[in-house]
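Colleague: structure07.cif is reproduced below (mmCIF, C-alpha atoms).
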data_model
loop_
_atom_site.label_atom_id
_atom_site.label_comp_id
_atom_site.auth_asym_id
_atom_site.auth_seq_id
_atom_site.Cartn_x
_atom_site.Cartn_y
_atom_site.Cartn_z
CA MET R 1 -6.63 27.85 -67.36
CA ILE R 2 -7.39 31.56 -67.62
CA ILE R 3 -7.53 33.88 -64.58
CA ASN R 4 -9.51 37.06 -65.09
CA HIS R 5 -7.23 39.59 -63.40
CA PRO R 6 -9.20 42.51 -61.86
CA LEU R 7 -6.79 45.10 -63.33
CA LEU R 8 -5.44 43.42 -66.44
CA GLY R 9 -8.19 41.20 -67.76
CA PRO R 10 -7.85 37.54 -68.76
CA ARG R 11 -4.33 36.14 -68.26
CA ASP R 12 -2.90 32.67 -68.79
CA ALA R 13 -2.29 30.61 -65.65
CA ALA R 14 1.36 30.19 -66.76
CA GLU R 15 1.97 33.77 -65.64
CA PHE R 16 0.94 32.94 -62.07
CA TYR R 17 2.43 31.19 -59.09
CA TYR R 18 0.08 29.28 -56.78
CA LEU R 19 0.56 29.61 -53.04
CA GLY R 20 -2.39 27.95 -51.33
CA ASP R 21 -5.42 28.53 -49.14
CA ALA R 22 -6.37 32.21 -48.74
CA SER R 23 -6.61 31.63 -44.96
CA LEU R 24 -2.83 32.21 -44.98
CA LEU R 25 -3.70 35.91 -44.99
CA ASP R 26 -5.26 35.54 -41.53
CA ARG R 27 -2.06 35.30 -39.52
CA PRO R 28 -2.84 34.66 -35.82
CA ASP R 29 -1.91 37.14 -33.09
CA TRP R 30 1.46 35.97 -31.74
CA GLN R 31 0.72 37.54 -28.34
CA ALA R 32 -2.55 35.69 -27.78
CA PRO R 33 -2.52 33.15 -24.90
CA ASP R 34 -3.39 30.33 -27.32
CA ALA R 35 -0.90 31.49 -29.97
CA ALA R 36 0.88 28.10 -30.14
CA ASP R 37 -2.36 26.27 -30.98
CA LYS R 38 -3.45 28.96 -33.42
CA PHE R 39 -0.14 28.87 -35.26
CA TYR R 40 -0.27 25.07 -35.40
CA GLU R 41 -3.67 25.35 -37.09
CA TYR R 42 -2.49 28.22 -39.31
CA GLN R 43 0.57 26.35 -40.44
CA TYR R 44 -0.64 22.76 -40.82
CA LEU R 45 -4.42 22.38 -40.91
CA ARG R 46 -6.10 22.86 -44.28
CA ASP R 47 -9.61 22.32 -45.54
CA ASN R 48 -9.62 19.95 -48.48
CA ALA R 49 -12.76 21.31 -50.06
CA ALA R 50 -14.57 19.51 -52.86
CA GLY R 51 -16.19 22.61 -54.26
CA GLU R 52 -15.62 26.30 -53.69
CA HIS R 53 -12.11 27.16 -52.55
CA ARG R 54 -10.46 30.55 -51.92
CA GLU R 55 -6.79 30.52 -52.76
CA LEU R 56 -3.79 32.82 -53.21
CA TRP R 57 -2.21 33.29 -56.62
CA TYR R 58 0.78 35.53 -57.33
CA HIS R 59 1.02 37.25 -60.72
CA GLU R 60 4.76 36.75 -60.89
CA GLN R 61 5.13 37.18 -64.66
CA GLY R 62 2.78 40.11 -64.74
CA ASP R 63 2.02 42.99 -62.41
CA ARG R 64 3.36 41.16 -59.31
CA SER R 65 0.04 41.38 -57.49
CA TRP R 66 -1.35 38.81 -55.08
CA LEU R 67 -4.84 37.65 -55.96
CA ILE R 68 -7.54 35.78 -54.08
CA VAL R 69 -9.12 33.44 -56.58
CA THR R 70 -12.39 31.67 -55.75
CA ARG R 71 -12.29 28.40 -57.67
CA ASP R 72 -14.46 25.30 -57.70
CA THR R 73 -12.04 22.40 -57.15
CA LEU R 74 -14.44 19.99 -58.90
CA THR R 75 -14.88 21.95 -62.12
CA HIS R 76 -11.96 24.47 -62.00
CA ASP R 77 -14.62 27.09 -62.62
CA ILE R 78 -13.38 30.47 -61.33
CA THR R 79 -16.20 32.56 -59.90
CA LYS R 80 -14.34 35.50 -58.36
CA VAL R 81 -10.92 37.16 -58.54
CA GLU R 82 -9.95 39.91 -56.09
CA LEU R 83 -6.75 41.77 -55.26
CA ALA R 84 -5.50 40.38 -51.94
CA HIS R 85 -4.44 43.94 -51.14
CA ASP R 86 -8.06 45.14 -51.33
CA VAL R 87 -9.36 42.22 -49.26
CA ALA R 88 -6.72 42.76 -46.56
CA LEU R 89 -7.44 46.50 -46.37
CA ALA R 90 -11.20 45.89 -46.17
CA LYS R 91 -10.57 43.45 -43.37
CA GLN R 92 -8.36 45.92 -41.52
CA ALA R 93 -11.20 48.47 -41.68
CA ASP R 94 -13.77 45.90 -40.55
CA PRO R 95 -12.26 42.86 -38.77
CA ALA R 96 -15.58 40.99 -38.95
CA ASN R 97 -15.36 41.03 -42.75
CA THR R 98 -13.49 37.87 -43.71
CA GLY R 99 -14.10 38.40 -47.42
CA ARG R 100 -16.17 35.21 -47.52
CA GLU R 101 -19.72 35.56 -48.65
CA GLY R 102 -22.57 34.12 -46.59
CA MET G 1 48.85 51.46 -68.72
CA PRO G 2 48.19 50.19 -72.21
CA ASP G 3 46.60 52.78 -74.40
CA MET G 4 43.27 51.28 -75.38
CA THR G 5 39.61 52.10 -75.32
CA LEU G 6 36.82 49.65 -74.53
CA LYS G 7 33.80 49.93 -76.74
CA PRO G 8 30.41 49.10 -75.24
CA LYS G 9 28.31 46.43 -76.93
CA THR G 10 24.54 46.46 -77.06
CA PRO G 11 22.72 43.34 -75.75
CA LEU G 12 21.97 42.05 -79.26
CA ASN G 13 24.95 43.57 -81.08
CA GLY G 14 22.80 45.84 -83.24
CA TYR G 15 20.71 43.02 -84.72
CA SER G 16 18.47 44.03 -87.62
CA GLU G 17 16.76 41.72 -90.08
CA THR G 18 14.01 42.06 -92.66
CA PHE G 19 11.58 39.26 -93.47
CA GLY G 20 9.52 40.41 -96.43
CA ALA G 21 7.37 43.22 -95.08
CA THR G 22 8.29 42.45 -91.49
CA VAL G 23 11.22 44.03 -89.69
CA LEU G 24 12.86 42.80 -86.50
CA GLU G 25 15.54 45.04 -85.06
CA GLU G 26 17.30 45.83 -81.82
CA ILE G 27 16.57 49.19 -80.22
CA ALA G 28 19.54 50.73 -78.42
CA GLY G 29 20.42 54.12 -77.03
CA MET G 30 17.44 54.23 -74.70
CA GLY G 31 17.24 55.14 -71.04
CA LEU G 32 14.89 53.02 -68.95
CA VAL G 33 14.15 54.02 -65.37
CA SER G 34 11.80 52.39 -62.88
CA ILE G 35 9.76 54.90 -60.89
CA ALA G 36 8.16 53.51 -57.73
CA THR G 37 5.50 55.47 -55.88
CA PRO G 38 6.30 56.23 -52.24
CA ARG G 39 3.57 55.09 -49.84
CA GLY G 40 0.79 57.67 -49.94
CA GLY G 41 2.74 59.75 -52.45
CA VAL G 42 0.78 59.04 -55.60
CA ASP G 43 -0.76 62.52 -55.81
CA ALA G 44 2.62 64.26 -55.39
CA LEU G 45 4.17 62.03 -58.07
CA GLN G 46 1.19 62.59 -60.36
CA GLY G 47 1.62 66.37 -59.94
CA ALA G 48 5.36 66.21 -60.60
CA VAL G 49 4.85 64.12 -63.75
CA GLN G 50 2.15 66.47 -64.96
CA SER G 51 4.27 69.60 -64.54
CA ALA G 52 7.51 68.04 -65.84
CA TYR G 53 6.17 66.13 -68.84
CA GLY G 54 2.64 67.44 -69.33
CA CYS G 55 1.13 63.95 -69.22
CA ALA G 56 -0.59 61.80 -66.64
CA LEU G 57 0.85 58.95 -64.62
CA PRO G 58 -0.44 55.93 -66.57
CA PRO G 59 -2.61 53.33 -64.86
CA THR G 60 -1.36 49.73 -64.94
CA GLY G 61 -1.54 48.32 -68.47
CA SER G 62 -1.33 51.63 -70.34
CA SER G 63 1.26 54.22 -71.26
CA THR G 64 1.40 57.98 -71.68
CA ILE G 65 3.72 60.16 -73.74
CA GLY G 66 5.20 63.47 -72.59
CA ASN G 67 4.22 66.69 -74.31
CA ASP G 68 7.34 66.89 -76.43
CA GLY G 69 7.12 63.21 -77.37
CA ALA G 70 10.54 62.51 -75.86
CA ILE G 71 9.49 60.28 -72.99
CA ARG G 72 7.04 57.43 -72.57
CA LEU G 73 5.76 56.31 -69.18
CA MET G 74 4.54 52.71 -68.94
CA GLY G 75 2.30 51.55 -66.09
CA LEU G 76 3.56 48.05 -65.26
CA GLN G 77 2.03 47.34 -61.87
CA PRO G 78 0.27 49.27 -59.12
CA GLY G 79 2.83 51.73 -57.73
CA GLN G 80 5.38 51.27 -60.50
CA VAL G 81 5.94 52.89 -63.89
CA PHE G 82 8.88 52.58 -66.26
CA ALA G 83 10.12 55.70 -68.05
CA LEU G 84 11.55 55.14 -71.54
CA PHE G 85 13.44 57.88 -73.37
CA ALA G 86 16.27 58.34 -75.85
CA TYR G 87 19.46 58.56 -73.81
CA ASP G 88 23.05 57.64 -74.52
CA GLY G 89 24.77 58.36 -71.22
CA ASP G 90 25.16 56.08 -68.24
CA THR G 91 23.27 57.93 -65.51
CA ALA G 92 19.66 57.76 -66.74
CA VAL G 93 18.31 58.15 -63.21
CA THR G 94 19.68 61.70 -62.93
CA GLU G 95 17.57 62.71 -65.96
CA ILE G 96 14.42 61.57 -64.16
CA GLU G 97 15.56 63.03 -60.85
CA LYS G 98 16.06 66.43 -62.52
CA ALA G 99 12.47 66.34 -63.75
CA LEU G 100 10.60 64.72 -60.86
CA GLY G 101 12.73 65.57 -57.82
CA ASP G 102 12.23 63.30 -54.82
CA ASN G 103 8.62 62.42 -55.62
CA GLY G 104 9.47 58.84 -56.56
CA TYR G 105 12.01 56.08 -55.96
CA TYR G 106 14.13 55.55 -59.07
CA THR G 107 16.26 52.67 -60.26
CA ASP G 108 18.19 52.50 -63.51
CA GLN G 109 17.02 49.65 -65.74
CA SER G 110 18.66 50.82 -68.98
CA ASP G 111 21.34 48.15 -69.23
CA SER G 112 19.23 45.33 -67.79
CA TRP G 113 16.87 44.94 -70.72
CA ALA G 114 17.34 43.93 -74.31
CA MET G 115 14.90 45.75 -76.58
CA LEU G 116 13.55 44.42 -79.84
CA HIS G 117 11.19 46.19 -82.19
CA LEU G 118 8.99 44.03 -84.37
CA SER G 119 6.86 45.64 -87.03
CA GLY G 120 5.12 44.79 -90.25
CA SER G 121 2.36 42.59 -91.58
CA ALA G 122 3.53 39.34 -89.96
CA ALA G 123 4.23 40.86 -86.52
CA ILE G 124 0.91 39.82 -84.98
CA ASP G 125 1.03 36.30 -86.44
CA ALA G 126 4.58 35.81 -85.20
CA LEU G 127 3.75 36.96 -81.69
CA ALA G 128 0.51 34.98 -81.57
CA ARG G 129 2.63 31.79 -81.53
CA ILE G 130 4.73 32.71 -78.51
CA CYS G 131 2.76 35.33 -76.57
CA PRO G 132 -0.18 34.22 -74.36
CA LEU G 133 -1.85 37.64 -74.59
CA ASP G 134 -4.51 38.60 -77.08
CA LEU G 135 -2.75 41.32 -79.09
CA ASP G 136 -5.68 42.17 -81.36
CA ALA G 137 -6.02 45.94 -81.73
CA SER G 138 -9.53 45.81 -80.25
CA VAL G 139 -8.21 44.70 -76.85
CA PHE G 140 -4.53 45.70 -77.11
CA PRO G 141 -4.58 49.10 -78.85
CA ASP G 142 -1.72 51.52 -79.53
CA GLY G 143 0.08 52.41 -76.30
CA THR G 144 -1.05 49.34 -74.35
CA VAL G 145 1.69 47.79 -72.26
CA ALA G 146 1.82 44.42 -70.51
CA ARG G 147 4.21 42.12 -68.73
CA THR G 148 3.92 38.51 -69.75
CA VAL G 149 5.93 35.38 -70.63
CA MET G 150 7.17 34.20 -74.01
CA GLU G 151 8.99 30.86 -74.21
CA HIS G 152 9.35 30.95 -70.38
CA MET G 153 11.05 34.37 -70.48
CA GLY G 154 9.55 37.44 -68.83
CA VAL G 155 8.75 40.09 -71.43
CA ILE G 156 7.36 43.61 -71.45
CA VAL G 157 5.23 44.20 -74.55
CA LEU G 158 4.34 47.69 -75.74
CA ARG G 159 2.20 48.27 -78.79
CA GLU G 160 3.34 51.14 -81.03
CA GLY G 161 0.97 51.92 -83.86
CA THR G 162 -1.06 49.38 -85.79
CA ASP G 163 1.52 46.63 -86.30
CA GLY G 164 4.55 47.69 -84.26
CA PHE G 165 5.63 46.11 -80.97
CA LEU G 166 8.44 46.96 -78.61
CA LEU G 167 9.55 43.84 -76.74
CA MET G 168 11.81 44.02 -73.70
CA ALA G 169 13.40 40.96 -72.13
CA ALA G 170 16.18 40.33 -69.65
CA ARG G 171 19.60 41.16 -71.03
CA SER G 172 21.01 37.97 -69.52
CA SER G 173 18.85 35.84 -71.84
CA ALA G 174 18.77 38.30 -74.74
CA ALA G 175 20.15 35.84 -77.29
CA ASN G 176 17.58 33.18 -76.36
CA PHE G 177 14.82 35.73 -76.59
CA LEU G 178 15.98 36.94 -79.99
CA HIS G 179 16.10 33.32 -81.16
CA ALA G 180 12.51 32.71 -80.01
CA VAL G 181 11.13 35.80 -81.73
CA GLU G 182 13.20 35.41 -84.89
CA GLN G 183 12.23 31.75 -85.26
CA SER G 184 8.58 32.62 -84.83
CA VAL G 185 8.83 35.33 -87.50
CA ARG G 186 10.55 32.86 -89.86
CA ASN G 187 7.77 30.35 -89.25
CA VAL G 188 5.05 32.72 -90.44
CA THR G 189 6.84 34.50 -93.31
#
Rewrite the structure from the file as structure tokens, please.
Modeller:
Amino acid sequence: MIINHPLLGPRDAAEFYYLGDASLLDRPDWQAPDAADKFYEYQYLRDNAAGEHRELWYHEQGDRSWLIVTRDTLTHDITKVELAHDVALAKQADPANTGREG
Amino acid sequence: MPDMTLKPKTPLNGYSETFGATVLEEIAGMGLVSIATPRGGVDALQGAVQSAYGCALPPTGSSTIGNDGAIRLMGLQPGQVFALFAYDGDTAVTEIEKALGDNGYYTDQSDSWAMLHLSGSAAIDALARICPLDLDASVFPDGTVARTVMEHMGVIVLREGTDGFLLMAARSSAANFLHAVEQSVRNVT
């Protein structure tokens, strides 16, 4: 599998480490009244999508960047690769922007 | 106290071998310093590099050479460049500090990496068997730098000229790395 790195171009999947669902970036507010429930969901509940899936990949044997890869779990077709750094900063500037399209 | 002197050894013991028109040799006597950009300090570091070396801070994946040709800066990841220069002492960081002041965070990498230089007609063919990157000159021209894996070992690859490559791997697995590269060269020559 080849991941088209936004800075470095196409790189072999062997250079990457897979973490999981990109929702891990959305850490709940620990001071919220429902924090316990939110953290339970954050920690344990995952969508098991048959289709488009946003996930975190770490370019460990490369430039050490975290990427958000949008991949179709049925075909392994990768439609989008973004720097997690950029997505997180965009979200900080505009909390309504989850990075998801549509 | 016994009267004796310890002599330092290079990671690959001065290895040098020729395979037809292809040469594989250890590079020693180099200083290698990691320069990390302080948060929000990229412009200050850029200015310091420009005035000290007369070259730009390279973006990730490329390298720049100082005006006098004595130092090469390699952009390895956002916020980090490696400086490579001929140096025989044991305090490489002070050389960079003298030039750039406190505009970056420096760590000495000189003794942590084994350096191999591979050049000649079979260099590309040999690397094609162990390196997952496309090293064709059209996409990996002179001065391009990349971190990748070869035979499960992390490697920094720098292209020098048309068929020359500087390969850097961890000193702790230097012998294994040399074996991987040498075997690949043997297989194609």
Colleague: Find the residues in chain R near chain G: any atom within 10 Å counts, using only C-alpha atoms. Write them as a count of residues only.
Modeller: 17
Colleague: I need the residue set behind the PyMOL selection byres ((chain G and resi 56) around 10) for this file; please write it as a list in words.
Modeller: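 With the PyMOL selection byres ((chain G and resi 56) around 10) on this model, the match is Leu45, Gln46, Gly47, Ala48, Val49, Gln50, Ser51, Tyr53, Gly54, Cys55, Leu57, Pro58, Pro59, Ser63, Thr64, Ile65, Gly66 and Leu73 of chain G.
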Colleague: I need the residue nearest Val157 in chain G from this list: G:Met115, G:Leu24, G:Leu178, G:Leu12. Use only C-alpha atoms for the distance.
Modeller: G:Met115
Colleague: Which residues, written as number ranges by chain, have at least one atom at most 8 Å from Thr162 in chain G, with only C-alpha atoms counted and residues fewer than 5 positions away on the same chain left out?
Modeller: G: 137, 141-142
Colleague: What is the CA of Tyr105 in chain G to CA of Gly69 in chain G distance in Å?
Modeller: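 Separating CA of Tyr105 in chain G from CA of Gly69 in chain G is a distance of 23.1 Å.
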Colleague: Could you pull the residues within 10 Å of Asn176 in chain G, counting all atoms listed in the file, minus those fewer than 6 positions along the same chain, as number ranges by chain?
Modeller: G: 151, 153, 169-170, 182
Colleague: Give, as AutoDock Vina command-line options, the centre coordinates and the x, y and z edge lengths in Å to one decimal for an axis-aligned box around all listed atoms of range 120-130 of chain G, padded by 8 Å on each side.
Modeller:
--center_x 2.8 --center_y 38.3 --center_z -85.0 --size_x 20.6 --size_y 29.0 --size_z 29.1
